[in-house]
$ cat target19.cif   # mmCIF, C-alpha atoms
data_entry
loop_
_atom_site.group_PDB
_atom_site.id
_atom_site.type_symbol
_atom_site.label_atom_id
_atom_site.label_comp_id
_atom_site.auth_asym_id
_atom_site.auth_seq_id
_atom_site.Cartn_x
_atom_site.Cartn_y
_atom_site.Cartn_z
ATOM 1 C CA MET A 874 70.247 93.961 31.372
ATOM 2 C CA SER A 875 70.536 90.200 31.130
ATOM 3 C CA ALA A 876 73.811 88.372 30.698
ATOM 4 C CA ALA A 877 75.460 88.804 27.339
ATOM 5 C CA PRO A 878 75.277 85.763 25.042
ATOM 6 C CA MET A 879 78.682 84.342 24.149
ATOM 7 C CA LYS A 880 79.921 81.187 22.497
ATOM 8 C CA ALA A 881 83.020 79.079 22.172
ATOM 9 C CA SER A 882 83.930 76.153 20.008
ATOM 10 C CA LEU A 883 84.091 72.753 21.678
ATOM 11 C CA PRO A 884 86.155 69.952 20.080
ATOM 12 C CA PRO A 885 83.742 67.484 18.448
ATOM 13 C CA GLY A 886 83.503 63.833 19.348
ATOM 14 C CA ILE A 887 84.900 63.902 22.848
ATOM 15 C CA GLU A 888 83.953 60.616 24.462
ATOM 16 C CA LEU A 889 83.504 60.730 28.187
ATOM 17 C CA VAL A 890 84.042 57.501 30.097
ATOM 18 C CA GLY A 891 84.193 56.704 33.792
ATOM 19 C CA GLY A 892 86.448 59.078 35.671
ATOM 20 C CA TYR A 893 86.479 61.793 33.050
ATOM 21 C CA VAL A 894 85.579 65.206 34.457
ATOM 22 C CA VAL A 895 83.728 68.049 32.814
ATOM 23 C CA ARG A 896 84.634 71.245 34.582
ATOM 24 C CA VAL A 897 82.871 74.584 34.019
ATOM 25 C CA THR A 898 85.057 77.347 35.298
ATOM 26 C CA ALA A 899 86.267 80.921 34.895
ATOM 27 C CA LEU A 900 89.899 81.730 34.260
ATOM 28 C CA ASN A 901 91.936 84.825 34.778
ATOM 29 C CA PRO A 902 92.987 85.843 31.242
ATOM 30 C CA THR A 903 96.482 86.808 32.374
ATOM 31 C CA THR A 904 97.432 84.090 34.816
ATOM 32 C CA GLY A 905 95.098 81.267 33.828
ATOM 33 C CA ALA A 906 94.148 80.818 37.457
ATOM 34 C CA THR A 907 90.598 79.924 38.400
ATOM 35 C CA ASP A 908 88.541 82.927 39.413
ATOM 36 C CA THR A 909 86.552 81.526 42.306
ATOM 37 C CA SER A 910 84.561 84.734 42.702
ATOM 38 C CA VAL A 911 82.586 83.927 39.554
ATOM 39 C CA VAL A 912 79.337 82.086 40.203
ATOM 40 C CA VAL A 913 78.310 79.483 37.667
ATOM 41 C CA SER A 914 74.735 78.320 37.374
ATOM 42 C CA ASP A 915 72.111 76.852 35.069
ATOM 43 C CA ILE A 916 74.620 74.451 33.616
ATOM 44 C CA SER A 917 73.232 72.040 31.079
ATOM 45 C CA MET A 918 75.219 69.403 29.276
ATOM 46 C CA GLN A 919 73.900 67.802 26.117
ATOM 47 C CA VAL A 920 75.254 64.323 25.505
ATOM 48 C CA ASP A 921 74.821 61.371 23.207
ATOM 49 C CA VAL A 922 74.454 58.589 25.673
ATOM 50 C CA ALA A 923 73.656 54.969 26.304
ATOM 51 C CA ASP A 924 73.236 55.258 30.058
ATOM 52 C CA VAL A 925 73.240 58.421 32.091
ATOM 53 C CA ASP A 926 74.071 58.432 35.752
ATOM 54 C CA SER A 927 73.412 62.102 36.222
ATOM 55 C CA ASP A 928 74.055 62.281 39.942
ATOM 56 C CA ALA A 929 77.216 60.171 39.779
ATOM 57 C CA GLU A 930 75.962 57.625 42.281
ATOM 58 C CA GLY A 931 76.404 54.507 40.224
ATOM 59 C CA VAL A 932 74.355 52.495 37.768
ATOM 60 C CA GLU A 933 70.734 53.421 37.900
ATOM 61 C CA PRO A 934 67.805 54.404 35.756
ATOM 62 C CA PHE A 935 67.523 57.975 34.610
ATOM 63 C CA VAL A 936 66.737 60.413 37.395
ATOM 64 C CA PRO A 937 63.832 62.429 36.048
ATOM 65 C CA GLU A 938 64.608 65.696 37.758
ATOM 66 C CA PHE A 939 68.157 65.692 36.429
ATOM 67 C CA VAL A 940 67.723 64.204 33.016
ATOM 68 C CA TYR A 941 65.621 65.627 30.277
ATOM 69 C CA SER A 942 65.201 63.366 27.311
ATOM 70 C CA GLY A 943 63.934 65.767 24.680
ATOM 71 C CA GLY A 944 60.725 67.296 23.513
ATOM 72 C CA ALA A 945 59.669 70.824 22.746
ATOM 73 C CA MET B 419 72.610 56.036 21.629
ATOM 74 C CA SER B 420 70.270 58.962 22.151
ATOM 75 C CA GLU B 421 70.614 62.579 23.077
ATOM 76 C CA LYS B 422 70.039 63.483 26.714
ATOM 77 C CA GLN B 423 70.378 66.629 28.743
ATOM 78 C CA VAL B 424 72.276 66.398 32.010
ATOM 79 C CA LEU B 425 71.273 68.995 34.552
ATOM 80 C CA GLY B 426 71.471 69.288 38.308
ATOM 81 C CA TRP B 427 74.806 71.044 38.678
ATOM 82 C CA GLY B 428 73.406 73.612 41.071
ATOM 83 C CA VAL B 429 74.764 77.090 41.704
ATOM 84 C CA GLN B 430 78.321 77.429 42.934
ATOM 85 C CA ASN B 431 81.488 79.393 42.701
ATOM 86 C CA ALA B 432 83.801 78.315 39.915
ATOM 87 C CA PRO B 433 84.800 75.654 39.204
ATOM 88 C CA ALA B 434 81.757 73.396 38.876
ATOM 89 C CA SER B 435 82.692 69.829 38.056
ATOM 90 C CA ARG B 436 80.916 66.633 37.121
ATOM 91 C CA THR B 437 82.707 63.318 37.147
ATOM 92 C CA THR B 438 81.542 60.723 34.669
ATOM 93 C CA ALA B 439 80.381 57.595 36.439
ATOM 94 C CA ASP B 440 81.978 54.258 35.627
ATOM 95 C CA SER B 441 78.659 53.123 34.189
ATOM 96 C CA GLU B 442 78.508 55.963 31.708
ATOM 97 C CA VAL B 443 79.864 56.257 28.219
ATOM 98 C CA PHE B 444 78.740 59.226 26.235
ATOM 99 C CA THR B 445 79.787 61.776 23.703
ATOM 100 C CA LEU B 446 79.776 65.397 24.729
ATOM 101 C CA LEU B 447 77.704 67.526 22.369
ATOM 102 C CA ALA B 448 77.341 70.912 24.080
ATOM 103 C CA VAL B 449 77.538 72.730 27.378
ATOM 104 C CA ASN B 450 75.661 75.890 28.296
ATOM 105 C CA ALA B 451 76.168 77.874 31.486
ATOM 106 C CA ASN B 452 75.658 81.227 33.120
ATOM 107 C CA PHE B 453 78.668 83.047 34.532
ATOM 108 C CA ASP B 454 77.888 85.710 37.115
ATOM 109 C CA GLY B 455 80.911 87.904 37.681
ATOM 110 C CA THR B 456 79.218 90.415 39.967
ATOM 111 C CA ALA B 457 81.844 89.724 42.627
ATOM 112 C CA ALA B 458 84.732 89.378 40.198
ATOM 113 C CA ALA B 459 87.448 91.942 40.751
ATOM 114 C CA ALA B 460 89.024 91.303 37.348
ATOM 115 C CA SER B 461 87.936 90.233 33.892
ATOM 116 C CA PHE B 462 87.560 86.495 33.315
ATOM 117 C CA LEU B 463 87.288 83.908 30.563
ATOM 118 C CA PRO B 464 84.370 81.462 30.702
ATOM 119 C CA CYS B 465 85.833 78.004 30.230
ATOM 120 C CA VAL B 466 84.976 74.323 29.877
ATOM 121 C CA GLU B 467 87.682 71.777 30.611
ATOM 122 C CA ILE B 468 87.637 68.055 29.916
ATOM 123 C CA ILE B 469 89.954 66.136 32.207
ATOM 124 C CA SER B 470 90.767 62.479 31.747
ATOM 125 C CA ASP B 471 90.589 59.809 34.413
ATOM 126 C CA ALA B 472 94.356 60.198 34.657
ATOM 127 C CA GLY B 473 93.923 63.829 35.644
ATOM 128 C CA GLN B 474 95.257 65.190 32.363
ATOM 129 C CA VAL B 475 93.522 67.957 30.488
ATOM 130 C CA VAL B 476 92.043 66.578 27.278
ATOM 131 C CA ALA B 477 90.555 69.840 26.078
ATOM 132 C CA ARG B 478 90.148 73.339 27.367
ATOM 133 C CA THR B 479 87.939 75.752 25.505
ATOM 134 C CA ILE B 480 87.409 79.392 26.324
ATOM 135 C CA THR B 481 85.611 82.318 24.835
ATOM 136 C CA ASP B 482 87.633 84.528 22.537
ATOM 137 C CA SER B 483 87.034 87.612 24.631
ATOM 138 C CA ALA B 484 86.920 88.100 28.356
ATOM 139 C CA VAL B 485 83.948 89.151 30.417
ATOM 140 C CA ALA B 486 84.698 92.436 32.158
ATOM 141 C CA ALA B 487 84.990 92.579 35.917
ATOM 142 C CA GLY B 488 81.499 92.728 37.355
ATOM 143 C CA GLY B 489 79.967 91.502 34.120
ATOM 144 C CA SER B 490 77.975 88.375 33.387
ATOM 145 C CA ALA B 491 77.540 86.101 30.411
ATOM 146 C CA GLU B 492 75.587 83.116 29.214
ATOM 147 C CA VAL B 493 77.934 80.937 27.211
ATOM 148 C CA THR B 494 77.320 78.072 24.818
ATOM 149 C CA PHE B 495 80.182 75.668 24.213
ATOM 150 C CA ALA B 496 79.566 73.479 21.186
ATOM 151 C CA PRO B 497 81.435 72.137 18.132
ATOM 152 C CA PHE B 498 81.622 74.224 15.003
ATOM 153 C CA LEU B 499 80.686 77.480 16.643
ATOM 154 C CA SER B 500 83.042 80.165 15.454
ATOM 155 C CA ARG B 501 85.150 81.534 18.202
ATOM 156 C CA GLY B 502 84.166 84.932 19.338
ATOM 157 C CA GLY B 503 82.811 87.078 22.079
ATOM 158 C CA THR B 504 79.187 87.976 22.104
ATOM 159 C CA SER B 505 77.498 85.940 19.446
ATOM 160 C CA SER B 506 77.587 87.670 16.088
ATOM 161 C CA SER B 507 74.817 85.334 14.958
ATOM 162 C CA THR B 508 72.411 86.854 17.441
ATOM 163 C CA PRO B 509 72.750 90.611 17.000
ATOM 164 C CA ILE B 510 70.572 92.795 19.136
ATOM 165 C CA PRO B 511 67.635 93.957 17.008
ATOM 166 C CA PRO B 512 67.620 97.711 16.357
ATOM 167 C CA ALA B 513 65.483 99.740 18.759
ATOM 168 C CA THR B 514 65.782 97.123 21.492
ATOM 169 C CA GLU B 515 65.849 98.996 24.777
ATOM 170 C CA LEU B 516 69.026 98.206 26.687
ATOM 171 C CA ASP B 517 68.607 100.623 29.556
ATOM 172 C CA TYR B 518 66.301 103.301 30.908
ATOM 173 C CA ALA B 519 66.675 105.487 33.968
ATOM 174 C CA GLU B 520 65.247 108.650 35.451
ATOM 175 C CA PRO B 521 66.946 111.211 37.660
ATOM 176 C CA PRO B 522 65.860 111.870 41.231
ATOM 177 C CA ALA B 523 62.624 113.811 41.437
ATOM 178 C CA GLY B 524 62.798 117.553 41.794
ATOM 179 C CA THR B 525 65.204 120.285 40.847
ATOM 180 C CA LEU B 526 68.947 119.836 40.556
ATOM 181 C CA THR B 527 70.749 123.083 41.320
ATOM 182 C CA ILE B 528 73.904 122.889 39.278
ATOM 183 C CA THR B 529 77.062 124.044 41.029
ATOM 184 C CA ALA B 530 79.813 122.286 39.076
ATOM 185 C CA THR B 531 81.632 124.490 36.577
ATOM 186 C CA SER B 532 83.535 121.960 34.457
ATOM 187 C CA ALA B 533 82.935 118.691 32.648
ATOM 188 C CA ALA B 534 85.519 116.997 34.824
ATOM 189 C CA THR B 535 83.657 117.894 38.007
ATOM 190 C CA ALA B 536 80.139 117.572 36.636
ATOM 191 C CA GLN B 537 77.418 116.529 39.080
ATOM 192 C CA GLN B 538 75.769 113.142 38.828
ATOM 193 C CA TRP B 539 72.153 113.447 37.728
ATOM 194 C CA ILE B 540 71.043 110.255 35.959
ATOM 195 C CA VAL B 541 72.794 106.966 36.699
ATOM 196 C CA GLY B 542 72.071 104.116 34.331
ATOM 197 C CA ASN B 543 72.180 100.402 34.948
ATOM 198 C CA GLN B 544 75.153 98.346 33.897
ATOM 199 C CA ILE B 545 74.905 96.901 30.408
ATOM 200 C CA THR B 546 77.291 94.496 28.700
ATOM 201 C CA LEU B 547 78.133 95.056 25.053
ATOM 202 C CA ASP B 548 80.055 93.103 22.433
ATOM 203 C CA GLY B 549 82.205 95.830 20.911
ATOM 204 C CA SER B 550 80.359 95.872 17.599
ATOM 205 C CA THR B 551 76.840 96.887 18.600
ATOM 206 C CA ARG B 552 76.037 100.511 17.846
ATOM 207 C CA ILE B 553 73.866 102.119 20.467
ATOM 208 C CA GLN B 554 71.769 105.237 20.677
ATOM 209 C CA ILE B 555 71.855 107.176 23.922
ATOM 210 C CA GLU B 556 69.119 109.737 24.455
ATOM 211 C CA VAL B 557 68.523 112.168 27.239
ATOM 212 C CA TRP B 558 65.392 114.221 27.670
ATOM 213 C CA ILE B 559 65.460 117.034 30.185
ATOM 214 C CA ALA B 560 61.996 118.258 31.025
ATOM 215 C CA LEU B 561 63.229 121.740 31.851
ATOM 216 C CA ALA B 562 66.707 123.214 31.880
ATOM 217 C CA GLY B 563 67.015 126.716 33.272
ATOM 218 C CA THR B 564 70.052 128.968 32.925
ATOM 219 C CA ASP B 565 71.131 132.565 32.541
ATOM 220 C CA HIS B 566 74.287 131.586 30.646
ATOM 221 C CA ASP B 567 75.338 127.951 29.940
ATOM 222 C CA CYS B 568 74.325 124.586 31.303
ATOM 223 C CA VAL B 569 75.474 121.254 29.934
ATOM 224 C CA ALA B 570 74.412 117.633 30.157
ATOM 225 C CA GLU B 571 77.591 115.566 30.069
ATOM 226 C CA LEU B 572 77.695 111.894 29.081
ATOM 227 C CA TYR B 573 79.867 109.669 31.271
ATOM 228 C CA ASP B 574 80.792 106.020 30.775
ATOM 229 C CA ASN B 575 82.155 103.966 33.679
ATOM 230 C CA GLY B 576 82.995 107.154 35.532
ATOM 231 C CA ALA B 577 84.890 108.714 32.616
ATOM 232 C CA ASP B 578 83.811 111.752 30.623
ATOM 233 C CA VAL B 579 82.703 110.911 27.070
ATOM 234 C CA SER B 580 81.285 114.150 25.642
ATOM 235 C CA ARG B 581 78.577 116.743 25.959
ATOM 236 C CA ILE B 582 75.203 115.360 24.917
ATOM 237 C CA ALA B 583 72.993 118.449 25.370
ATOM 238 C CA GLN B 584 73.554 122.118 26.129
ATOM 239 C CA VAL B 585 71.676 125.368 26.372
ATOM 240 C CA SER B 586 73.432 128.726 26.185
ATOM 241 C CA VAL B 587 72.228 132.274 26.670
ATOM 242 C CA THR B 588 74.285 135.259 25.502
ATOM 243 C CA PRO B 589 75.215 137.674 26.717
ATOM 244 C CA ALA B 590 75.584 136.010 30.084
ATOM 245 C CA GLY B 591 72.963 137.103 32.573
ATOM 246 C CA ALA B 592 70.915 139.014 30.007
ATOM 247 C CA LEU B 593 67.944 136.798 30.595
ATOM 248 C CA THR B 594 67.013 133.472 32.074
ATOM 249 C CA SER B 595 66.037 130.766 29.652
ATOM 250 C CA SER B 596 64.010 127.683 30.456
ATOM 251 C CA LEU B 597 64.085 125.064 27.742
ATOM 252 C CA THR B 598 63.198 121.447 27.207
ATOM 253 C CA LEU B 599 66.376 119.727 26.068
ATOM 254 C CA TYR B 600 66.839 116.574 24.037
ATOM 255 C CA GLY B 601 70.265 115.137 23.392
ATOM 256 C CA ILE B 602 71.301 112.091 21.413
ATOM 257 C CA ALA B 603 74.545 110.223 20.750
ATOM 258 C CA LEU B 604 75.259 107.295 18.423
ATOM 259 C CA ILE B 605 78.321 105.365 19.477
ATOM 260 C CA THR B 606 79.829 101.877 19.321
ATOM 261 C CA PRO B 607 81.228 101.181 22.777
ATOM 262 C CA THR B 608 84.004 98.734 23.509
ATOM 263 C CA ALA B 609 83.219 95.169 24.503
ATOM 264 C CA GLY B 610 82.432 94.673 28.151
ATOM 265 C CA ALA B 611 80.404 96.261 30.898
ATOM 266 C CA HIS B 612 79.325 99.878 30.686
ATOM 267 C CA THR B 613 77.465 102.082 33.119
ATOM 268 C CA TYR B 614 76.412 105.372 31.617
ATOM 269 C CA GLU B 615 75.543 108.541 33.480
ATOM 270 C CA ILE B 616 74.254 111.968 32.650
ATOM 271 C CA ARG B 617 76.032 114.603 34.698
ATOM 272 C CA ALA B 618 75.465 118.353 34.819
ATOM 273 C CA TRP B 619 77.664 121.422 34.856
ATOM 274 C CA LYS B 620 77.364 125.120 34.075
ATOM 275 C CA SER B 621 79.435 128.151 33.222
ATOM 276 C CA ALA B 622 80.961 129.891 36.207
ATOM 277 C CA GLY B 623 78.786 132.549 37.755
ATOM 278 C CA SER B 624 75.570 131.423 36.165
ATOM 279 C CA THR B 625 72.427 130.081 37.761
ATOM 280 C CA SER B 626 71.459 126.762 36.217
ATOM 281 C CA THR B 627 69.048 123.949 37.010
ATOM 282 C CA PHE B 628 67.730 120.695 35.615
ATOM 283 C CA LEU B 629 64.200 119.656 36.517
ATOM 284 C CA ASN B 630 62.691 116.212 36.839
ATOM 285 C CA PRO B 631 59.001 116.797 37.564
ATOM 286 C CA THR B 632 58.067 113.386 38.924
ATOM 287 C CA PRO B 633 55.923 111.681 39.996
ATOM 288 C CA PHE B 634 54.002 111.007 36.830
ATOM 289 C CA PRO B 635 51.304 111.902 35.863
ATOM 290 C CA PHE B 636 52.401 115.434 36.340
ATOM 291 C CA ASN B 637 50.506 118.460 35.162
ATOM 292 C CA ILE B 638 53.504 120.252 33.627
ATOM 293 C CA PHE B 639 55.982 117.770 32.128
ATOM 294 C CA ALA B 640 56.554 114.071 31.896
ATOM 295 C CA PRO B 641 59.648 112.845 33.758
ATOM 296 C CA SER B 642 63.146 113.493 32.517
ATOM 297 C CA PHE B 643 64.964 110.332 31.460
ATOM 298 C CA TYR B 644 67.826 108.764 29.657
ATOM 299 C CA ARG B 645 67.493 105.698 27.459
ATOM 300 C CA ILE B 646 69.804 103.419 25.520
ATOM 301 C CA THR B 647 68.626 101.423 22.536
ATOM 302 C CA ALA B 648 70.408 99.333 19.945
ATOM 303 C CA ALA B 649 70.866 101.439 16.820
#
$ encode --input "target19.cif" --output "structure tokens"
Amino acid sequence: MSAAPMKASLPPGIELVGGYVVRVTALNPTTGATDTSVVVSDISMQVDVADVDSDAEGVEPFVPEFVYSGGA
Amino acid sequence: MSEKQVLGWGVQNAPASRTTADSEVFTLLAVNANFDGTAAAASFLPCVEIISDAGQVVARTITDSAVAAGGSAEVTFAPFLSRGGTSSSTPIPPATELDYAEPPAGTLTITATSAATAQQWIVGNQITLDGSTRIQIEVWIALAGTDHDCVAELYDNGADVSRIAQVSVTPAGALTSSLTLYGIALITPTAGAHTYEIRAWKSAGSTSTFLNPTPFPFNIFAPSFYRITAA
């Protein structure tokens, strides 16, 4: 059985600028602590963007293997 | 401005973080991720946090229901999605097979004499359900032999649920019956991970067996099995 599909509402219009962090994590529902035993993978982030520095190494052109610009 | 997909996060234990570069200015539209809780000892809430350059949490969004310990989920975080657990907008189509398993080949000689001590016969694979999906559990026993009573007992996560099939002969010991048994249950399990089993027990003093005549093709019966489908 594959992983169950779930969803959660994300606040609209969050603008990310330099230094802002997007963190994908798993929380204990009782304590709120991070559950480090959970493995996260296949993360994709869709953004509306002028310039993407997907590997966080400074100003550069798009890195093809990290950035997908659309299509079927 | 144009939409782009940012990948390359890799596989890692939570948390996975990406820091926006100084050269970047963009609007977050959606995040999708897989959460594998195979090693998780407790239930957990998939979460996306946005943290400012001052280290303050700007937003923290979680799923409305937790993923059970040992369970996994693929989660989409996006604006205007209603909060909830497993997506109600993507129900599992009826008749979709969720699990299938066969017992070990050969004859199981049943010795247990109560539901509480029933012997493991078929062990399913773990499935994760949303709490609203109705499922159909079937068990087909190629040949059940008894001279009194033998029962196929449905278990969920190690706990007894109910009998799902039974054959009885009265008076006890008068004759030995060999029957093909089919049992079915329609239930709506709770949200979270479930591992179903078919266990076996008999009335005290009787001689009872379940048969799984594998390998297939077999010249007497097809294999015994259990199967779960969306109902």
$ resolve_selection --input "target19.cif" --expression "the PyMOL selection byres ((chain A and resi 905-907) around 12)" --output "PyMOL selection string"
(chain A and resi 896-904+908-912) or (chain B and resi 431-434+458+460-467+478+480+484)
$ residues_near_point --input "target19.cif" --point "(75.4, 71.5, 36.5)" --cutoff "7 Å" --atoms "only C-alpha atoms" --output "list in words"
Ser914, Asp915, Ile916 and Ser917 of chain A; Leu425, Gly426, Trp427 and Gly428 of chain B
$ resolve_selection --input "target19.cif" --expression "the PyMOL selection byres ((chain A) within 6 of (chain B))" --output "PyMOL selection string"
chain A and resi 874+876-885+887-902+909-925+929+932+939-942
$ resolve_selection --input "target19.cif" --expression "the PyMOL selection byres ((chain B and resi 564) around 8)" --output "list in words"
Ala562, Gly563, Asp565, His566, Asp567, Cys568, Val585, Ser586, Val587, Thr594, Ser595, Ser596, Ser624, Thr625, Ser626 and Thr627 of chain B
$ closest_residue --input "target19.cif" --among "B:Tyr600, B:Phe628, B:Tyr644, B:Phe639" --to "Thr525 (chain B)" --atoms "all atoms listed in the file"
B:Phe628
$ residues_around --input "target19.cif" --residues "Tyr614 (chain B)" --least-positions-apart "3" --cutoff "9 Å" --atoms "only C-alpha atoms" --output "JSON, numbers by chain"
{"B": [540, 541, 542, 543, 544, 545, 572, 573, 574, 575, 576]}
$ atom_distance --input "target19.cif" --atom1 "CA of Ala622 (chain B)" --atom2 "CA of Ala640 (chain B)"
29.4 Å
$ decode --input "target19.cif" --residues "region 593-601 of chain B" --atoms "all heavy atoms" --output "CSV table (one decimal), in the first residue's frame"
chain,number,residue,atom,x,y,z
B,593,LEU,N,-19.5,-36.6,12.7
B,593,LEU,CA,-18.9,-36.8,11.4
B,593,LEU,C,-17.8,-35.7,11.2
B,593,LEU,O,-17.8,-34.7,12.0
B,593,LEU,CB,-19.9,-36.7,10.3
B,593,LEU,CG,-20.8,-35.5,10.2
B,593,LEU,CD1,-20.2,-34.4,9.4
B,593,LEU,CD2,-22.2,-35.9,9.6
B,594,THR,N,-17.0,-35.9,10.2
B,594,THR,CA,-16.0,-34.9,9.9
B,594,THR,C,-16.5,-34.2,8.6
B,594,THR,O,-16.7,-34.9,7.6
B,594,THR,CB,-14.7,-35.5,9.7
B,594,THR,OG1,-14.3,-36.1,11.0
B,594,THR,CG2,-13.6,-34.5,9.3
B,595,SER,N,-16.5,-32.9,8.7
B,595,SER,CA,-16.9,-32.1,7.5
B,595,SER,C,-15.8,-31.4,6.9
B,595,SER,O,-14.9,-30.8,7.6
B,595,SER,CB,-18.0,-31.1,7.9
B,595,SER,OG,-18.4,-30.3,6.8
B,596,SER,N,-15.7,-31.4,5.6
B,596,SER,CA,-14.7,-30.6,4.9
B,596,SER,C,-15.4,-29.7,3.9
B,596,SER,O,-16.1,-30.1,3.0
B,596,SER,CB,-13.7,-31.5,4.1
B,596,SER,OG,-13.0,-32.3,5.0
B,597,LEU,N,-15.3,-28.4,4.2
B,597,LEU,CA,-16.0,-27.4,3.4
B,597,LEU,C,-15.1,-26.3,2.9
B,597,LEU,O,-14.1,-26.0,3.5
B,597,LEU,CB,-17.1,-26.7,4.3
B,597,LEU,CG,-18.2,-27.6,4.8
B,597,LEU,CD1,-19.0,-26.9,5.8
B,597,LEU,CD2,-19.1,-28.1,3.7
B,598,THR,N,-15.5,-25.7,1.8
B,598,THR,CA,-14.8,-24.5,1.3
B,598,THR,C,-15.6,-23.4,2.0
B,598,THR,O,-16.8,-23.3,1.9
B,598,THR,CB,-14.9,-24.4,-0.2
B,598,THR,OG1,-14.2,-25.4,-0.8
B,598,THR,CG2,-14.4,-23.1,-0.7
B,599,LEU,N,-14.8,-22.5,2.6
B,599,LEU,CA,-15.4,-21.4,3.4
B,599,LEU,C,-15.1,-20.0,2.7
B,599,LEU,O,-14.0,-19.8,2.3
B,599,LEU,CB,-14.9,-21.3,4.8
B,599,LEU,CG,-15.4,-22.4,5.8
B,599,LEU,CD1,-14.8,-22.1,7.2
B,599,LEU,CD2,-16.9,-22.5,5.8
B,600,TYR,N,-16.1,-19.2,2.7
B,600,TYR,CA,-16.0,-17.8,2.2
B,600,TYR,C,-16.6,-16.9,3.3
B,600,TYR,O,-17.7,-17.1,3.7
B,600,TYR,CB,-16.7,-17.6,0.9
B,600,TYR,CG,-16.6,-16.2,0.4
B,600,TYR,CD1,-15.5,-15.6,-0.1
B,600,TYR,CD2,-17.7,-15.3,0.5
B,600,TYR,CE1,-15.4,-14.3,-0.6
B,600,TYR,CE2,-17.7,-14.0,0.0
B,600,TYR,CZ,-16.5,-13.5,-0.5
B,600,TYR,OH,-16.5,-12.2,-1.0
B,601,GLY,N,-15.8,-16.0,3.8
B,601,GLY,CA,-16.3,-15.0,4.7
B,601,GLY,C,-16.1,-13.6,4.2
B,601,GLY,O,-15.2,-13.3,3.4
